[in-house]
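**Student:** See work07.csv below, with CSV, C-alpha atoms.
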```csv
chain,number,residue,atom,x,y,z
A,26,MET,CA,18.9,-41.6,42.5
A,27,LYS,CA,20.3,-39.7,39.6
A,28,GLN,CA,17.8,-37.6,37.7
A,29,TRP,CA,17.5,-38.7,34.1
A,30,GLN,CA,18.4,-36.0,31.5
A,31,TRP,CA,17.9,-35.7,27.8
A,32,PRO,CA,21.0,-36.6,25.7
A,33,LEU,CA,22.8,-33.6,24.3
A,34,TRP,CA,22.2,-34.6,20.7
A,35,ILE,CA,18.4,-34.7,21.2
A,36,GLU,CA,18.5,-31.3,23.0
A,37,LEU,CA,20.5,-29.7,20.2
A,38,SER,CA,18.3,-31.2,17.5
A,39,ALA,CA,15.1,-30.0,19.3
A,40,ALA,CA,16.6,-26.5,19.6
A,41,VAL,CA,17.4,-26.4,15.8
A,42,LEU,CA,13.9,-27.7,15.0
A,43,ALA,CA,12.2,-25.1,17.3
A,44,ALA,CA,14.3,-22.3,15.7
A,45,LEU,CA,13.4,-23.4,12.2
A,46,LEU,CA,9.7,-23.6,13.0
A,47,LEU,CA,9.7,-20.1,14.6
A,48,SER,CA,11.6,-18.6,11.6
A,49,ASN,CA,9.1,-20.2,9.2
A,50,ALA,CA,6.2,-18.9,11.2
A,51,VAL,CA,7.6,-15.4,11.0
A,52,THR,CA,8.3,-15.7,7.3
A,53,PHE,CA,4.8,-16.8,6.7
A,54,ILE,CA,3.3,-13.9,8.6
A,55,VAL,CA,5.5,-11.4,6.8
A,56,ALA,CA,4.7,-12.9,3.4
A,57,GLU,CA,1.0,-12.9,4.1
A,58,HIS,CA,1.0,-9.3,5.2
A,59,ARG,CA,2.9,-8.3,2.1
A,60,ARG,CA,0.7,-10.4,-0.1
A,61,ALA,CA,-2.4,-8.7,1.3
A,62,ASP,CA,-0.9,-5.2,0.9
A,63,SER,CA,0.1,-5.9,-2.8
A,64,ILE,CA,-3.4,-7.3,-3.6
A,65,ARG,CA,-5.1,-4.3,-2.1
A,66,ILE,CA,-2.8,-1.8,-4.0
A,67,GLU,CA,-3.4,-3.7,-7.2
A,68,ARG,CA,-7.2,-3.8,-6.8
A,69,LEU,CA,-7.5,-0.2,-5.8
A,70,GLY,CA,-5.5,0.6,-9.0
A,71,VAL,CA,-8.0,-1.4,-11.1
A,72,ILE,CA,-10.9,0.5,-9.5
A,73,GLU,CA,-9.2,3.9,-10.1
A,74,ASP,CA,-8.4,3.1,-13.8
A,75,ARG,CA,-11.9,1.7,-14.6
A,76,LEU,CA,-13.9,4.5,-13.0
A,77,SER,CA,-11.6,7.3,-14.2
A,78,ALA,CA,-12.0,6.1,-17.8
A,79,LEU,CA,-15.7,5.7,-17.3
A,80,SER,CA,-16.1,9.1,-15.8
A,81,THR,CA,-14.2,10.7,-18.6
A,82,LEU,CA,-16.3,9.0,-21.3
A,83,LEU,CA,-19.5,9.9,-19.5
A,84,ASN,CA,-18.6,13.6,-19.5
A,85,GLN,CA,-18.0,13.4,-23.3
A,86,LEU,CA,-21.3,11.6,-24.2
A,87,PRO,CA,-24.9,12.8,-24.1
A,88,GLU,CA,-27.0,11.2,-21.4
A,89,GLU,CA,-29.0,9.1,-23.9
A,90,ASN,CA,-25.8,7.2,-24.6
A,91,TRP,CA,-24.8,6.5,-21.0
A,92,GLN,CA,-26.7,3.3,-20.6
A,93,ARG,CA,-25.0,1.8,-23.7
A,94,LEU,CA,-21.6,2.6,-22.2
A,95,LEU,CA,-22.6,1.2,-18.8
A,96,ASP,CA,-23.6,-2.0,-20.4
A,97,LEU,CA,-20.2,-2.3,-22.0
A,98,ALA,CA,-18.4,-1.4,-18.8
A,99,SER,CA,-20.3,-4.0,-16.7
A,100,VAL,CA,-18.4,-7.3,-16.9
A,101,ARG,CA,-17.9,-10.3,-14.7
A,102,HIS,CA,-17.3,-9.2,-11.1
A,103,GLU,CA,-17.6,-5.6,-12.1
A,104,ARG,CA,-21.0,-3.8,-12.2
A,105,VAL,CA,-21.5,-0.2,-13.0
A,106,SER,CA,-24.8,1.9,-13.0
A,107,ILE,CA,-26.0,5.4,-12.7
A,108,GLY,CA,-28.7,6.4,-10.3
A,109,ASP,CA,-30.2,9.3,-8.4
A,110,ARG,CA,-29.0,7.9,-5.1
A,111,PRO,CA,-25.7,6.6,-3.9
A,112,ARG,CA,-25.5,2.9,-3.0
A,113,VAL,CA,-23.0,3.7,-0.2
A,114,ALA,CA,-24.7,5.5,2.6
A,115,GLN,CA,-23.0,8.5,4.3
A,116,ASP,CA,-22.8,6.6,7.6
A,117,ALA,CA,-21.7,3.3,6.1
A,118,ASP,CA,-18.5,1.6,7.2
A,119,ARG,CA,-16.3,3.3,4.7
A,120,ASP,CA,-12.8,2.7,3.4
A,121,VAL,CA,-11.0,6.1,3.9
A,122,ARG,CA,-7.8,4.9,2.3
A,123,ALA,CA,-9.6,3.9,-0.9
A,124,GLU,CA,-11.6,7.2,-1.0
A,125,THR,CA,-8.4,9.2,-0.6
A,126,ARG,CA,-6.8,7.4,-3.5
A,127,LEU,CA,-9.8,8.0,-5.8
A,128,ARG,CA,-9.9,11.7,-4.9
A,129,SER,CA,-6.3,12.0,-5.9
A,130,ALA,CA,-7.1,10.8,-9.5
A,131,PRO,CA,-7.2,13.6,-12.0
A,132,ALA,CA,-10.6,12.5,-13.3
A,133,PHE,CA,-12.2,13.1,-9.9
A,134,ALA,CA,-10.4,16.3,-9.0
A,135,ASN,CA,-13.6,18.3,-9.0
A,136,ILE,CA,-15.8,15.8,-7.4
A,137,ALA,CA,-16.6,16.4,-3.7
A,138,ASP,CA,-18.4,13.3,-2.7
A,139,ILE,CA,-16.7,9.9,-3.2
A,140,ARG,CA,-17.8,7.0,-1.0
A,141,VAL,CA,-16.2,3.5,-0.8
A,142,SER,CA,-17.3,0.6,1.3
A,143,LYS,CA,-15.4,-2.6,1.6
A,144,ARG,CA,-16.5,-6.0,2.7
A,145,GLY,CA,-14.4,-9.1,3.1
A,146,ASN,CA,-10.6,-9.4,2.9
A,147,PRO,CA,-8.1,-11.4,0.9
A,148,GLN,CA,-8.2,-14.6,3.0
A,149,LEU,CA,-6.0,-17.6,3.4
A,150,ASN,CA,-7.7,-20.9,3.6
A,151,LEU,CA,-5.5,-23.3,5.6
A,152,LEU,CA,-6.5,-26.3,3.4
A,153,GLY,CA,-5.5,-24.4,0.3
A,154,GLU,CA,-9.1,-24.4,-1.2
A,155,ARG,CA,-11.1,-21.4,-2.0
A,156,LYS,CA,-14.2,-20.9,0.1
A,157,LYS,CA,-17.5,-21.3,-1.8
A,158,GLY,CA,-18.9,-17.8,-2.3
A,159,GLY,CA,-16.0,-16.1,-0.6
A,160,TYR,CA,-15.4,-12.6,-2.1
A,161,GLU,CA,-13.8,-9.3,-1.4
A,162,ARG,CA,-16.1,-6.5,-2.4
A,163,PHE,CA,-15.7,-2.8,-3.0
A,164,SER,CA,-18.8,-0.7,-3.4
A,165,VAL,CA,-18.2,2.7,-4.8
A,166,ALA,CA,-20.5,5.8,-5.2
A,167,ILE,CA,-19.3,8.9,-7.0
A,168,GLY,CA,-21.4,12.0,-7.3
A,169,ILE,CA,-20.7,13.3,-10.8
A,170,ARG,CA,-23.7,15.7,-11.0
A,171,PRO,CA,-26.6,16.8,-8.7
A,172,GLN,CA,-28.8,13.7,-8.3
A,173,LYS,CA,-26.4,11.7,-10.5
A,174,TRP,CA,-24.2,9.0,-9.0
A,175,ILE,CA,-21.9,6.4,-10.5
A,176,ASN,CA,-22.6,3.3,-8.5
A,177,ALA,CA,-20.1,0.5,-9.0
A,178,GLU,CA,-19.3,-2.8,-7.3
A,179,PHE,CA,-16.1,-4.8,-7.8
A,180,ARG,CA,-15.8,-8.4,-6.6
A,181,TRP,CA,-12.8,-10.6,-6.4
A,182,PRO,CA,-12.8,-14.3,-5.3
A,183,ASP,CA,-10.6,-15.4,-2.5
A,184,ASP,CA,-7.0,-16.1,-3.6
A,185,ASP,CA,-5.2,-19.4,-3.5
A,186,ALA,CA,-3.5,-20.1,-0.2
A,187,LEU,CA,0.2,-19.7,0.3
A,188,LEU,CA,0.3,-22.2,3.3
A,189,PRO,CA,0.4,-25.5,1.4
A,190,GLY,CA,3.6,-24.6,-0.5
A,191,LEU,CA,5.2,-23.0,2.6
A,192,LEU,CA,4.2,-25.9,4.7
A,193,PHE,CA,5.8,-28.4,2.3
A,194,SER,CA,9.0,-26.3,2.2
A,195,ALA,CA,9.1,-26.1,6.0
A,196,VAL,CA,8.6,-29.8,6.6
A,197,THR,CA,11.2,-30.7,4.0
A,198,SER,CA,13.8,-28.3,5.4
A,199,ALA,CA,12.9,-29.3,8.9
A,200,ALA,CA,13.5,-33.0,8.2
A,201,VAL,CA,16.9,-32.3,6.5
A,202,LEU,CA,18.2,-29.9,9.1
A,203,THR,CA,17.0,-32.0,12.0
A,204,LEU,CA,18.8,-35.1,10.7
A,205,LEU,CA,21.9,-33.0,10.0
A,206,SER,CA,21.9,-31.3,13.4
A,207,ALA,CA,21.3,-34.7,15.1
A,208,TRP,CA,24.4,-36.2,13.3
A,209,ILE,CA,26.6,-33.2,14.2
A,210,ALA,CA,25.3,-33.1,17.8
A,211,PHE,CA,25.9,-36.8,18.1
A,212,ARG,CA,29.5,-36.4,17.0
A,213,PHE,CA,30.0,-33.8,19.7
A,214,SER,CA,28.2,-35.7,22.5
A,215,GLY,CA,29.6,-39.2,21.8
A,216,PRO,CA,33.2,-38.5,22.9
A,217,LEU,CA,31.9,-36.3,25.8
A,218,GLN,CA,29.6,-39.0,27.0
A,219,ARG,CA,32.5,-41.6,26.9
A,220,LEU,CA,34.7,-39.1,28.8
A,221,ALA,CA,32.0,-38.6,31.4
A,222,VAL,CA,31.6,-42.4,31.9
A,223,ALA,CA,35.3,-42.9,32.3
A,224,SER,CA,35.4,-40.0,34.8
A,225,GLN,CA,32.7,-41.6,36.9
A,226,LEU,CA,34.6,-44.9,36.9
A,227,MET,CA,37.9,-43.3,37.9
A,228,THR,CA,36.1,-41.4,40.8
A,229,SER,CA,34.7,-44.7,42.1
A,230,GLY,CA,38.2,-46.3,41.9
A,231,ARG,CA,37.5,-48.7,39.1
A,232,PRO,CA,39.9,-49.3,36.3
A,233,VAL,CA,39.4,-47.4,33.0
A,234,GLU,CA,40.6,-48.3,29.6
A,235,PRO,CA,42.4,-45.6,27.7
A,236,LEU,CA,40.1,-43.5,25.5
A,237,LEU,CA,40.7,-43.0,21.9
A,238,ALA,CA,40.8,-39.3,20.7
A,239,THR,CA,37.7,-39.2,18.5
A,240,GLY,CA,35.2,-36.6,17.4
A,241,PRO,CA,35.8,-33.1,16.1
A,242,SER,CA,39.1,-31.4,16.8
```
As a first step, turn the structure in this file into structure tokens.
**Tutor:**
Amino acid sequence: MKQWQWPLWIELSAAVLAALLLSNAVTFIVAEHRRADSIRIERLGVIEDRLSALSTLLNQLPEENWQRLLDLASVRHERVSIGDRPRVAQDADRDVRAETRLRSAPAFANIADIRVSKRGNPQLNLLGERKKGGYERFSVAIGIRPQKWINAEFRWPDDDALLPGLLFSAVTSAAVLTLLSAWIAFRFSGPLQRLAVASQLMTSGRPVEPLLATGPS
């Protein structure tokens, strides 16, 4: 008994579809990594700019005016205060990359102790909806004087997902390319299939009608 095999046009269409899905998956992973890196760089820049400006102003104002400045600097998702203790412990899970960036800022050139702790990550929700209460947080403690610390917390809500748009694009392109590849493969396989049938008939000694030259050149 002859073993049944998939038609050539189905195999070619499946190969094209598999290649397309794989390429889209790689594209999504690369895009997500680049998105996360760009978000991080942007947010570290915001922290550096905010705290550099604040530190410069604090050095120019008498201490009795500090609270007024801190009240103005504390806005939604950004809280700044000054205390005698850092809110980021020495043995906390610290973000070395963020600390290195802050130390390189001119405003903090003479400050020895800068601590940054990060919780959460820019996350991608597969359903395209933000998680309730989902935030990425940076806690920063900067020792500006003995027993004087700038304590700041920056929060950003989770970003909108990239997947819904990419998924729609992938499904649309997959449908178009699959139909196109199926049509092309069928044009190749049709004449070959007729030739194979005629060859089997001739092998068995049965009469064969002349085949028309059809299909691609």
**Student:** What lies within 10 Å of region 211-222 of chain A using all atoms listed in the file, ignoring chain neighbours under 3 positions off, as a list in words?
**Tutor:** Pro32, Leu33, Trp34, Ile35, Leu37, Ser38, Leu205, Ser206, Ala207, Trp208, Gln225, Leu226, Met227, Val233, Leu236, Leu237, Ala238, Thr239, Gly240, Pro241 and Ser242 of chain A
**Student:** Store the residues picked out above in a file with C-alpha atoms, as an mmCIF file, in the frame of the given file.
**Tutor:**
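For reference, selection-v3.cif as written:
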```cif
data_model
loop_
_atom_site.group_PDB
_atom_site.id
_atom_site.type_symbol
_atom_site.label_atom_id
_atom_site.label_comp_id
_atom_site.auth_asym_id
_atom_site.auth_seq_id
_atom_site.Cartn_x
_atom_site.Cartn_y
_atom_site.Cartn_z
ATOM 1 C CA PRO A 32 21.000 -36.600 25.700
ATOM 2 C CA LEU A 33 22.800 -33.600 24.300
ATOM 3 C CA TRP A 34 22.200 -34.600 20.700
ATOM 4 C CA ILE A 35 18.400 -34.700 21.200
ATOM 5 C CA LEU A 37 20.500 -29.700 20.200
ATOM 6 C CA SER A 38 18.300 -31.200 17.500
ATOM 7 C CA LEU A 205 21.900 -33.000 10.000
ATOM 8 C CA SER A 206 21.900 -31.300 13.400
ATOM 9 C CA ALA A 207 21.300 -34.700 15.100
ATOM 10 C CA TRP A 208 24.400 -36.200 13.300
ATOM 11 C CA GLN A 225 32.700 -41.600 36.900
ATOM 12 C CA LEU A 226 34.600 -44.900 36.900
ATOM 13 C CA MET A 227 37.900 -43.300 37.900
ATOM 14 C CA VAL A 233 39.400 -47.400 33.000
ATOM 15 C CA LEU A 236 40.100 -43.500 25.500
ATOM 16 C CA LEU A 237 40.700 -43.000 21.900
ATOM 17 C CA ALA A 238 40.800 -39.300 20.700
ATOM 18 C CA THR A 239 37.700 -39.200 18.500
ATOM 19 C CA GLY A 240 35.200 -36.600 17.400
ATOM 20 C CA PRO A 241 35.800 -33.100 16.100
ATOM 21 C CA SER A 242 39.100 -31.400 16.800
#
```
**Student:** Applying 12 Å and all atoms listed in the file, which residues near region 73-84 of chain A remain after dropping the ones on its own chain fewer than 6 positions away? List them as a PyMOL selection string.
**Tutor:** chain A and resi 66-67+90-100+103-107+123-136+139+141+163-170+173-179
**Student:** Which one of A:Ser142, A:Ser198, A:Gln172, A:Asn49 sits closest to Arg119 (chain A) if you count all atoms listed in the file?
**Tutor:**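 That would be A:Ser142, the residue with the smallest distance to Arg119 (chain A).
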**Student:** Just the residues within 12 Å of Ala43 (chain A), please, counting all atoms listed in the file, with nothing from its chain fewer than 6 positions along; format it as a PDB file with C-alpha atoms, in the frame of the given file.
**Tutor:**
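Okay, this is what ended up in around-v6.pdb:
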```pdb
ATOM      1  CA  GLU A  36      18.500 -31.300  23.000  1.00  0.00           C
ATOM      2  CA  LEU A  37      20.500 -29.700  20.200  1.00  0.00           C
ATOM      3  CA  ASN A  49       9.100 -20.200   9.200  1.00  0.00           C
ATOM      4  CA  ALA A  50       6.200 -18.900  11.200  1.00  0.00           C
ATOM      5  CA  ALA A 195       9.100 -26.100   6.000  1.00  0.00           C
ATOM      6  CA  ALA A 199      12.900 -29.300   8.900  1.00  0.00           C
ATOM      7  CA  LEU A 202      18.200 -29.900   9.100  1.00  0.00           C
ATOM      8  CA  THR A 203      17.000 -32.000  12.000  1.00  0.00           C
TER       9      THR A 203
END
```
**Student:** Work out how far apart CA of Leu204 (chain A) and CA of Gly190 (chain A) are and give it in Å to one decimal.
**Tutor:**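 We find that CA of Leu204 (chain A) and CA of Gly190 (chain A) lie 21.6 Å from each other.
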**Student:** One decimal, in Å: what's the spacing between CA of Arg180 (chain A) and CA of His102 (chain A)?
**Tutor:**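 Separating CA of Arg180 (chain A) from CA of His102 (chain A) is a distance of 4.8 Å.
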**Student:** Which residue, A:Val71, A:Leu191, A:Val121, A:Ala39, has the smallest gap to Ile54 (chain A) when you use only C-alpha atoms?
**Tutor:** A:Leu191
**Student:** CA of Arg60 (chain A) and CA of Arg140 (chain A) are how many Å apart?
**Tutor:**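 Distance between the two atoms: 25.4 Å.
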**Student:** Which of these residues is nearest to Arg65 (chain A), using all atoms listed in the file: A:Asp109, A:Glu89, A:Glu161, A:Asp116?
**Tutor:**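 Closest candidate: A:Glu161.
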**Student:** Could I get region 85-109 of chain A from the block written out with N, CA, C and O atoms, as a PDB file, in the first residue's frame?
**Tutor:**
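Okay, this is what ended up in out_32.pdb:
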```pdb
ATOM      1  N   GLN A  85      21.923  76.491  46.626  1.00  0.00           N
ATOM      2  CA  GLN A  85      21.862  77.952  46.527  1.00  0.00           C
ATOM      3  C   GLN A  85      20.869  78.572  47.502  1.00  0.00           C
ATOM      4  O   GLN A  85      20.851  79.798  47.655  1.00  0.00           O
ATOM      5  N   LEU A  86      20.046  77.743  48.155  1.00  0.00           N
ATOM      6  CA  LEU A  86      19.017  78.262  49.044  1.00  0.00           C
ATOM      7  C   LEU A  86      19.346  77.942  50.501  1.00  0.00           C
ATOM      8  O   LEU A  86      19.963  76.917  50.805  1.00  0.00           O
ATOM      9  N   PRO A  87      18.923  78.806  51.423  1.00  0.00           N
ATOM     10  CA  PRO A  87      19.051  78.468  52.844  1.00  0.00           C
ATOM     11  C   PRO A  87      18.114  77.315  53.199  1.00  0.00           C
ATOM     12  O   PRO A  87      17.092  77.098  52.537  1.00  0.00           O
ATOM     13  N   GLU A  88      18.456  76.579  54.234  1.00  0.00           N
ATOM     14  CA  GLU A  88      17.706  75.372  54.571  1.00  0.00           C
ATOM     15  C   GLU A  88      16.243  75.660  54.895  1.00  0.00           C
ATOM     16  O   GLU A  88      15.387  74.803  54.689  1.00  0.00           O
ATOM     17  N   GLU A  89      15.944  76.854  55.413  1.00  0.00           N
ATOM     18  CA  GLU A  89      14.548  77.149  55.749  1.00  0.00           C
ATOM     19  C   GLU A  89      13.648  77.230  54.523  1.00  0.00           C
ATOM     20  O   GLU A  89      12.419  77.175  54.636  1.00  0.00           O
ATOM     21  N   ASN A  90      14.252  77.356  53.349  1.00  0.00           N
ATOM     22  CA  ASN A  90      13.464  77.410  52.112  1.00  0.00           C
ATOM     23  C   ASN A  90      13.426  76.072  51.363  1.00  0.00           C
ATOM     24  O   ASN A  90      12.809  75.964  50.308  1.00  0.00           O
ATOM     25  N   TRP A  91      14.080  75.077  51.915  1.00  0.00           N
ATOM     26  CA  TRP A  91      14.156  73.792  51.223  1.00  0.00           C
ATOM     27  C   TRP A  91      12.787  73.133  51.073  1.00  0.00           C
ATOM     28  O   TRP A  91      12.474  72.587  50.018  1.00  0.00           O
ATOM     29  N   GLN A  92      12.007  73.150  52.136  1.00  0.00           N
ATOM     30  CA  GLN A  92      10.725  72.463  52.084  1.00  0.00           C
ATOM     31  C   GLN A  92       9.816  73.039  51.012  1.00  0.00           C
ATOM     32  O   GLN A  92       9.084  72.314  50.341  1.00  0.00           O
ATOM     33  N   ARG A  93       9.854  74.354  50.865  1.00  0.00           N
ATOM     34  CA  ARG A  93       9.061  75.003  49.827  1.00  0.00           C
ATOM     35  C   ARG A  93       9.454  74.484  48.446  1.00  0.00           C
ATOM     36  O   ARG A  93       8.611  74.186  47.600  1.00  0.00           O
ATOM     37  N   LEU A  94      10.757  74.351  48.215  1.00  0.00           N
ATOM     38  CA  LEU A  94      11.250  73.841  46.942  1.00  0.00           C
ATOM     39  C   LEU A  94      10.858  72.382  46.752  1.00  0.00           C
ATOM     40  O   LEU A  94      10.459  71.972  45.653  1.00  0.00           O
ATOM     41  N   LEU A  95      10.942  71.586  47.815  1.00  0.00           N
ATOM     42  CA  LEU A  95      10.579  70.169  47.715  1.00  0.00           C
ATOM     43  C   LEU A  95       9.103  69.988  47.392  1.00  0.00           C
ATOM     44  O   LEU A  95       8.727  69.083  46.646  1.00  0.00           O
ATOM     45  N   ASP A  96       8.266  70.857  47.970  1.00  0.00           N
ATOM     46  CA  ASP A  96       6.839  70.791  47.662  1.00  0.00           C
ATOM     47  C   ASP A  96       6.571  71.074  46.190  1.00  0.00           C
ATOM     48  O   ASP A  96       5.717  70.434  45.564  1.00  0.00           O
ATOM     49  N   LEU A  97       7.301  72.027  45.636  1.00  0.00           N
ATOM     50  CA  LEU A  97       7.137  72.349  44.221  1.00  0.00           C
ATOM     51  C   LEU A  97       7.693  71.241  43.331  1.00  0.00           C
ATOM     52  O   LEU A  97       7.177  70.987  42.234  1.00  0.00           O
ATOM     53  N   ALA A  98       8.750  70.567  43.800  1.00  0.00           N
ATOM     54  CA  ALA A  98       9.386  69.520  42.990  1.00  0.00           C
ATOM     55  C   ALA A  98       8.613  68.213  43.014  1.00  0.00           C
ATOM     56  O   ALA A  98       8.768  67.383  42.118  1.00  0.00           O
ATOM     57  N   SER A  99       7.778  68.015  44.026  1.00  0.00           N
ATOM     58  CA  SER A  99       7.015  66.767  44.138  1.00  0.00           C
ATOM     59  C   SER A  99       5.737  66.878  43.321  1.00  0.00           C
ATOM     60  O   SER A  99       4.839  67.668  43.646  1.00  0.00           O
ATOM     61  N   VAL A 100       5.682  66.126  42.252  1.00  0.00           N
ATOM     62  CA  VAL A 100       4.515  66.125  41.367  1.00  0.00           C
ATOM     63  C   VAL A 100       4.017  64.695  41.248  1.00  0.00           C
ATOM     64  O   VAL A 100       4.502  63.783  41.920  1.00  0.00           O
ATOM     65  N   ARG A 101       3.035  64.501  40.393  1.00  0.00           N
ATOM     66  CA  ARG A 101       2.489  63.164  40.218  1.00  0.00           C
ATOM     67  C   ARG A 101       3.563  62.182  39.755  1.00  0.00           C
ATOM     68  O   ARG A 101       4.307  62.468  38.824  1.00  0.00           O
ATOM     69  N   HIS A 102       3.640  61.064  40.415  1.00  0.00           N
ATOM     70  CA  HIS A 102       4.606  59.998  40.128  1.00  0.00           C
ATOM     71  C   HIS A 102       6.039  60.399  40.455  1.00  0.00           C
ATOM     72  O   HIS A 102       6.960  59.648  40.137  1.00  0.00           O
ATOM     73  N   GLU A 103       6.254  61.565  41.064  1.00  0.00           N
ATOM     74  CA  GLU A 103       7.598  61.967  41.486  1.00  0.00           C
ATOM     75  C   GLU A 103       7.490  62.569  42.888  1.00  0.00           C
ATOM     76  O   GLU A 103       6.794  63.556  43.086  1.00  0.00           O
ATOM     77  N   ARG A 104       8.190  61.962  43.845  1.00  0.00           N
ATOM     78  CA  ARG A 104       8.165  62.435  45.220  1.00  0.00           C
ATOM     79  C   ARG A 104       9.588  62.673  45.688  1.00  0.00           C
ATOM     80  O   ARG A 104      10.452  61.801  45.551  1.00  0.00           O
ATOM     81  N   VAL A 105       9.815  63.854  46.250  1.00  0.00           N
ATOM     82  CA  VAL A 105      11.156  64.227  46.701  1.00  0.00           C
ATOM     83  C   VAL A 105      11.065  64.750  48.129  1.00  0.00           C
ATOM     84  O   VAL A 105      10.163  65.525  48.462  1.00  0.00           O
ATOM     85  N   SER A 106      12.006  64.330  48.965  1.00  0.00           N
ATOM     86  CA  SER A 106      12.060  64.814  50.343  1.00  0.00           C
ATOM     87  C   SER A 106      13.507  64.811  50.809  1.00  0.00           C
ATOM     88  O   SER A 106      14.392  64.267  50.131  1.00  0.00           O
ATOM     89  N   ILE A 107      13.753  65.421  51.953  1.00  0.00           N
ATOM     90  CA  ILE A 107      15.082  65.433  52.552  1.00  0.00           C
ATOM     91  C   ILE A 107      14.956  64.889  53.976  1.00  0.00           C
ATOM     92  O   ILE A 107      14.073  65.297  54.738  1.00  0.00           O
ATOM     93  N   GLY A 108      15.824  63.954  54.293  1.00  0.00           N
ATOM     94  CA  GLY A 108      15.801  63.369  55.627  1.00  0.00           C
ATOM     95  C   GLY A 108      17.190  63.095  56.146  1.00  0.00           C
ATOM     96  O   GLY A 108      18.187  63.278  55.436  1.00  0.00           O
ATOM     97  N   ASP A 109      17.258  62.655  57.397  1.00  0.00           N
ATOM     98  CA  ASP A 109      18.560  62.352  57.983  1.00  0.00           C
ATOM     99  C   ASP A 109      18.996  60.914  57.731  1.00  0.00           C
ATOM    100  O   ASP A 109      20.080  60.504  58.137  1.00  0.00           O
TER     101      ASP A 109
END
```
